[in-house]
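Trainee: What follows is coords.txt; its format and atoms are compact mmCIF, C-alpha atoms.
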# COMPACT_ATOMS: atom_id res chain seq x y z
CA MET A 582 0.23 15.60 3.85
CA ILE A 583 3.54 13.84 4.43
CA ARG A 584 3.74 10.30 3.08
CA ALA A 585 5.13 7.07 4.51
CA THR A 586 6.57 5.23 1.53
CA ARG A 587 8.71 2.49 3.08
CA VAL A 588 8.40 -0.17 5.76
CA ILE A 589 11.47 -0.89 7.85
CA ARG A 590 11.19 -4.37 9.35
CA ARG A 591 11.88 -4.65 13.08
CA ASP A 592 14.99 -6.79 12.52
CA ARG A 593 16.46 -4.10 10.24
CA LEU A 594 15.52 -1.12 12.36
CA GLY A 595 18.63 0.87 13.18
CA SER A 596 18.93 4.34 14.56
CA GLY A 597 16.30 6.75 13.43
CA GLU A 598 14.06 9.33 14.95
CA ILE A 599 10.88 7.60 16.07
CA VAL A 600 8.40 10.45 16.39
CA ASP A 601 5.16 8.58 16.97
CA ARG A 602 3.51 5.18 17.03
CA ILE A 603 0.47 3.79 15.28
CA VAL A 604 -1.63 1.06 16.93
CA LEU A 605 -3.42 -1.14 14.37
CA ASP A 606 -5.49 -4.31 14.50
CA SER A 607 -4.68 -7.21 12.18
CA GLY A 608 -6.99 -5.96 9.43
CA ASP A 609 -5.54 -2.45 9.43
CA ARG A 610 -1.98 -3.83 9.38
CA HIS A 611 -2.52 -5.13 5.83
CA ARG A 612 -2.56 -1.99 3.73
CA ARG A 613 -1.14 -0.21 0.73
CA ARG A 614 -2.64 3.26 0.92
CA MET A 615 -4.48 4.86 3.80
CA ALA A 616 -4.56 8.13 5.74
CA MET A 617 -3.28 7.49 9.27
CA ARG A 618 -2.80 9.37 12.51
CA GLY A 619 -0.35 8.26 15.17
CA VAL A 620 -1.15 8.13 18.88
CA GLY A 621 0.84 11.37 19.31
CA GLY A 622 -1.06 13.13 16.51
CA THR A 623 1.30 12.72 13.55
CA ALA A 624 -0.88 12.66 10.43
CA PHE A 625 0.48 10.95 7.32
CA LEU A 626 -0.53 9.06 4.22
CA LEU A 627 0.61 5.45 4.06
CA ASP A 628 1.56 5.18 0.38
CA LEU A 629 3.30 1.88 -0.37
CA GLY A 630 3.92 0.35 -3.78
CA GLU A 631 1.88 -2.75 -2.92
CA ALA A 632 -0.31 -4.04 -0.11
CA THR A 633 1.97 -5.05 2.75
CA VAL A 634 1.46 -6.68 6.13
CA LEU A 635 2.83 -4.40 8.83
CA GLU A 636 4.21 -6.40 11.74
CA ASP A 637 4.38 -5.43 15.39
CA GLY A 638 7.71 -3.60 15.87
CA ASP A 639 8.13 -2.47 12.26
CA ALA A 640 8.49 1.22 11.45
CA LEU A 641 7.07 3.37 8.68
CA ALA A 642 9.58 5.75 7.12
CA LEU A 643 8.18 9.20 6.45
CA GLU A 644 9.51 11.16 3.47
CA ASP A 645 11.55 13.41 5.77
CA GLY A 646 13.33 10.45 7.39
CA ARG A 647 11.36 10.36 10.64
CA LEU A 648 9.89 7.02 11.73
CA VAL A 649 6.49 5.93 13.02
CA TRP A 650 6.55 2.74 15.13
CA VAL A 651 3.94 0.06 14.30
CA GLU A 652 2.25 -1.62 17.25
CA ALA A 653 -0.21 -4.52 17.01
CA ALA A 654 -3.43 -3.67 18.85
CA PRO A 655 -4.87 -6.18 21.32
CA GLU A 656 -7.93 -7.95 19.87
CA ALA A 657 -10.69 -10.19 21.23
CA LEU A 658 -9.63 -13.71 20.23
CA LEU A 659 -10.27 -17.34 21.03
CA GLU A 660 -7.32 -19.42 22.14
CA ILE A 661 -7.98 -22.93 20.93
CA ARG A 662 -6.27 -25.97 22.43
CA ALA A 663 -6.70 -29.71 22.03
CA PRO A 664 -5.82 -32.78 24.12
CA SER A 665 -3.19 -33.99 21.61
CA PRO A 666 -1.18 -32.71 18.63
CA LEU A 667 -3.32 -34.80 16.26
CA ALA A 668 -6.54 -33.37 17.73
CA LEU A 669 -5.13 -29.83 17.30
CA LYS A 670 -4.29 -30.57 13.67
CA ARG A 671 -7.88 -31.71 13.12
CA LEU A 672 -9.23 -28.53 14.71
CA ILE A 673 -6.93 -26.42 12.52
CA TRP A 674 -8.23 -28.30 9.48
CA HIS A 675 -11.85 -27.53 10.44
CA ILE A 676 -11.01 -23.86 11.02
CA GLY A 677 -9.14 -23.64 7.71
CA ASN A 678 -12.02 -25.32 5.94
CA ARG A 679 -14.11 -22.29 6.94
CA HIS A 680 -11.48 -19.87 5.58
CA ILE A 681 -11.07 -18.23 8.99
CA PRO A 682 -7.85 -16.24 9.53
CA ALA A 683 -5.81 -18.05 12.18
CA GLU A 684 -2.53 -17.65 14.03
CA ILE A 685 -0.94 -21.03 14.64
CA GLY A 686 1.22 -21.59 17.70
CA GLU A 687 3.13 -24.62 18.94
CA GLU A 688 0.29 -25.93 21.12
CA MET A 689 -2.64 -23.67 20.26
CA VAL A 690 -4.27 -21.63 17.54
CA TRP A 691 -5.92 -18.21 17.81
CA ILE A 692 -8.88 -16.95 15.80
CA ALA A 693 -11.14 -13.91 16.07
CA HIS A 694 -13.72 -14.35 18.82
CA ASP A 695 -16.76 -16.14 17.40
CA HIS A 696 -19.24 -17.98 19.64
CA VAL A 697 -20.36 -20.33 16.85
CA LEU A 698 -16.78 -21.47 16.16
CA ALA A 699 -16.13 -21.76 19.91
CA GLU A 700 -19.02 -24.23 20.15
CA MET A 701 -17.78 -26.13 17.10
CA VAL A 702 -14.31 -26.46 18.68
CA ARG A 703 -15.77 -27.63 21.99
CA GLY A 704 -18.01 -30.12 20.16
CA LEU A 705 -14.88 -31.56 18.51
CA GLY A 706 -13.18 -32.05 21.89
CA GLY A 707 -11.09 -28.89 22.05
CA SER A 708 -11.15 -25.86 24.30
CA ALA A 709 -11.84 -22.29 23.15
CA GLU A 710 -11.08 -19.64 25.74
CA PRO A 711 -11.48 -15.89 25.18
CA VAL A 712 -8.22 -13.92 25.33
CA THR A 713 -7.17 -10.39 24.44
CA ARG A 714 -3.83 -10.10 22.66
CA PRO A 715 -2.35 -8.94 19.35
CA PHE A 716 -3.45 -11.12 16.42
CA ARG A 717 -0.89 -12.22 13.84
CA PRO A 718 -2.79 -14.49 11.43
CA GLU A 719 -1.03 -16.59 8.82
CA GLY A 720 -0.59 -14.75 5.54
CA GLY A 721 -1.98 -17.48 3.34
CA ALA A 722 -0.53 -19.43 0.46
CA TYR A 723 0.18 -16.38 -1.71
CA ALA A 724 1.53 -14.01 0.96
CA GLY A 725 5.15 -13.35 1.65
CA GLY A 726 6.13 -10.35 -0.40
CA HIS A 727 6.54 -12.01 -3.77
CA GLY A 728 4.29 -11.39 -6.72
CA HIS A 729 2.02 -14.12 -7.91
CA GLY A 730 0.40 -13.60 -11.27
CA HIS A 731 -3.26 -14.29 -11.59
CA ASP A 732 -3.69 -13.91 -15.34
CA HIS A 733 -6.16 -16.62 -16.17
CA SER A 734 -7.15 -15.72 -19.71
CA HIS A 735 -8.24 -18.77 -21.60
CA ASP A 736 -9.56 -19.23 -25.09
CA HIS A 737 -13.07 -20.55 -24.73
CA THR A 738 -14.10 -20.71 -28.35
CA HIS A 739 -15.56 -24.06 -29.16
CA ALA A 740 -16.91 -25.27 -32.45
CA HIS A 741 -20.40 -26.63 -32.06
CA ASP A 742 -21.90 -28.18 -35.14
Using the file provided, produce a representation of the structure as C-alpha cells.
Mentor:
Amino acid sequence: MIRATRVIRRDRLGSGEIVDRIVLDSGDRHRRRMAMRGVGGTAFLLDLGEATVLEDGDALALEDGRLVWVEAAPEALLEIRAPSPLALKRLIWHIGNRHIPAEIGEEMVWIAHDHVLAEMVRGLGGSAEPVTRPFRPEGGAYAGGHGHGHDHSHDHTHAHD
C-alpha cells in the first residue's frame, strides 16, 4: 500500500497533482498512522513521524508525489454565545473546566453537540444553538508541533526509622 509520509500545509501548497480528497472529522484529523481511503477510492497508509493535526485545506503527500486534499467534515456542534464578552469568557471557563474540546471564535465558541452542556450554558445565561459545520478545536497547551518531554522520573526513596 502506498504511504503518505508528509503533510503540506495549505499556505505552502504549490502545484502538485491532487488525485483525491479525504473528508475527516476533528477526531480523525489528529493522527500519526492509519489506513485511509479517499472519496475517489485512493487507498493509502497515513504514516507520519508523529501525531499531527491535519487542517482543512492541507494535503497529504504520497510517496510517488501525488497529493490527497484534506477536507474537514461537517459535524453536529453547539454554537454558544453570551450577552457580553465577560459572560462568554465565563462560559468558556466552565466548558474548559470540563475538559471539553472547544473552538473559540471572536463572539462565540463551538463544542460537540451535548444536551447536558447546552442546558448548563442556558442556565448560565448563554445560548446554545445546534449547528452543522467543520470543527476546529483548540489544540491545547502542549499542541503546536513542538516536542514536550514528559519524563517525570523521581526518586521516591525515603528513610523511615
Trainee: Please provide as a compact mmCIF listing (two decimals) with C-alpha atoms, keeping the file's coordinate frame all residues within 6 Å of range 708-718 of chain A, with the sequence filter that same-chain residues fewer than 3 positions apart are discarded (counting all atoms listed in the file).
Mentor:
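As written to disk, selection16.txt reads:
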# COMPACT_ATOMS: atom_id res chain seq x y z
CA SER A 607 -4.68 -7.21 12.18
CA ALA A 653 -0.21 -4.52 17.01
CA ALA A 654 -3.43 -3.67 18.85
CA PRO A 655 -4.87 -6.18 21.32
CA GLU A 656 -7.93 -7.95 19.87
CA ALA A 657 -10.69 -10.19 21.23
CA LEU A 658 -9.63 -13.71 20.23
CA LEU A 659 -10.27 -17.34 21.03
CA GLU A 660 -7.32 -19.42 22.14
CA ILE A 661 -7.98 -22.93 20.93
CA ARG A 662 -6.27 -25.97 22.43
CA PRO A 682 -7.85 -16.24 9.53
CA ALA A 683 -5.81 -18.05 12.18
CA GLU A 684 -2.53 -17.65 14.03
CA ALA A 699 -16.13 -21.76 19.91
CA ARG A 703 -15.77 -27.63 21.99
Trainee: Leaving out Asp637 in chain A and any residue of its chain fewer than 3 positions from it, which residues lie within 12 Å of it when counting only C-alpha atoms, given as a VMD selection string?
Mentor: chain A and resid 588 to 592 602 to 607 609 to 611 634 640 to 641 649 to 655 714 to 717
Trainee: Restricting the calculation to all atoms listed in the file: of A:Glu700, A:Glu598, A:Glu719, A:Glu687, which residue gets closest to Ala642 in chain A?
Mentor: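 Among the listed residues, the smallest separation from Ala642 in chain A belongs to A:Glu598.
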Trainee: Figure out the distance between CA of Ile599 in chain A and CA of Arg647 in chain A, please, to one decimal in Å.
Mentor: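 Going from CA of Arg647 in chain A over to CA of Ile599 in chain A, I get 6.1 Å.
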Trainee: Kindly give the distance, in Å, that separates CA of Asp628 in chain A and CA of Met582 in chain A, rounded to a single decimal.
Mentor: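 Going from CA of Asp628 in chain A over to CA of Met582 in chain A, I get 11.1 Å.
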Trainee: Distance CA of His696 in chain A-CA of Leu667 in chain A, one decimal place?
Mentor: 23.4 Å
Trainee: Go through A:Ile673, A:Ala632, A:Leu626, A:Val620 one by one, measure the shortest atom-to-atom distance of each to Glu644 in chain A using all atoms listed in the file, and give the residue with the smallest value.
Mentor: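 Answer, going by the shortest atom-to-atom distance: A:Leu626.
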Trainee: Which residues come within 7 Å of Thr623 in chain A, counting all atoms listed in the file, excluding same-chain residues fewer than 4 positions away, as a list in words?
Mentor: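 Skipping anything fewer than 4 positions along the chain leaves Asp601, Arg618 and Gly619 of chain A.
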Trainee: Using all atoms listed in the file, determine which residues lie at most 12 Å from Ser665 in chain A, disregarding the query and same-chain residues fewer than 6 positions distant; provide the list as a VMD selection string.
Mentor: chain A and resid 671 to 672 687 to 689 706 to 708
